[in-house]
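Below: the structure, in structure tokens.
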Amino acid sequence: MLIVFHSKSSAEVLMFGQHALPILRAAGKSFENNELPERGVIMRDHLAAAIGGIERAMAISKENDENPDTDDENDDKVHPISEPVSFRRRAYPLLAMLKLAHEKQEDVQWEPAPVW
């Protein structure tokens with residue numbers, strides 16, 4: 001399921017539910033049957049804790065986001081499109097939205113993305 005996060009003060013963030021679930025769990029949300037509900041909200045009172053939880057999860061993530069440039073002309077290089085997307089990279093847009101919503105004291109909501 002494709003979901004969209006909304007906040008009055010920032011652009012929408014689109015994300016697959018399966019990728020949003022670990023980010024929202026890091027933000028302190030718990031879900032029955034380990035499934036993301038279609039609709040939900042992170043209340044403005046809980047934003048500081050949610051931001052802290054996501055930042056802690058990003059800090060302990062053992063994934064390496066850096067792709068150092070090398071002068072090696074090896075043909076066996078992995079194309080960037082083939083590399084997995086790390087937790088930190090997936091979480092960053094939502095984290096930025098949460099920080100802005102916290103600054104403006106607004107709730108952040110999610111719902112299914114509209115069908116195109």
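Residue numbering restarts at 1 for every chain of the structure tokens, chains are lettered A, B, ... in their displayed order, and ligands are numbered from 1 as they appear.
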query = Just asking: which residues within chain A are strand (DSSP E) according to DSSP, as a PyMOL selection string?
reply = chain A and resi 2-7+10-16+40-42+108-112
query = Which residues, written as a PyMOL selection string, have at least one atom at most 8 Å from region 94-97 of chain A, with only C-alpha atoms counted and residues fewer than 2 positions away on the same chain left out?
reply = chain A and resi 5+7+10-11+13+51+54+91-92+99-101
key: Among listed residues A:Ala59, A:Ala50, A:Met15, A:Leu2, nearest Ser30 (chain A) (using only C-alpha atoms)   =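 Of A:Ala59, A:Ala50, A:Met15, A:Leu2, the one nearest Ser30 (chain A), counting only C-alpha atoms, is A:Ala50.
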request  = Enumerate, as an MDAnalysis selection string, the complete set of residues in chain A that a backbone-based DSSP assignment places in helix (DSSP H, G or I).
outcome  = chainID A and resid 17:26 32:34 44:60 80:82 87:104
request  = Name the residues in contact with region 106-112 of chain A at a cut-off of 7 Å, using only C-alpha atoms, excluding same-chain residues fewer than 6 positions from it; report them as an MDAnalysis selection string.
outcome  = chainID A and resid 2:7 38:44
task = Select, from A:Leu98, A:Leu14, A:Arg90, A:Pro80, the residue with the minimum atom-to-atom distance to Gly53 (chain A), counting only C-alpha atoms.
result =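 Comparing A:Leu98, A:Leu14, A:Arg90, A:Pro80 against Gly53 (chain A), the winner is A:Leu98.
Neighbouring residues of Leu21 (chain A) at 10 Å or closer, counting only C-alpha atoms and skipping chain neighbours under 2 positions away, are Met15, Phe16, Gly17, Gln18, His19, Ile23, Leu24, Arg25, Ala26, Ala27, Lys29, Ser30, Phe31, Asn34, Glu35, Leu36 and Pro37 of chain A.
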Could you write out the selected residues, including C-alpha atoms, as a CSV table (one decimal), in the first residue's frame?
```csv
chain,number,residue,atom,x,y,z
A,15,MET,CA,6.1,6.0,1.1
A,16,PHE,CA,5.2,2.3,0.8
A,17,GLY,CA,3.6,1.1,3.9
A,18,GLN,CA,6.1,-1.7,4.4
A,19,HIS,CA,8.9,1.0,4.5
A,23,ILE,CA,10.1,4.2,10.7
A,24,LEU,CA,6.9,4.7,12.6
A,25,ARG,CA,7.8,2.0,15.1
A,26,ALA,CA,11.1,3.9,15.7
A,27,ALA,CA,8.9,7.0,16.3
A,29,LYS,CA,4.0,4.0,17.3
A,30,SER,CA,2.8,0.4,17.9
A,31,PHE,CA,0.4,-1.4,15.7
A,34,ASN,CA,2.4,-5.6,13.1
A,35,GLU,CA,0.4,-4.0,10.3
A,36,LEU,CA,0.2,-0.3,9.4
A,37,PRO,CA,-3.3,1.0,9.6
```
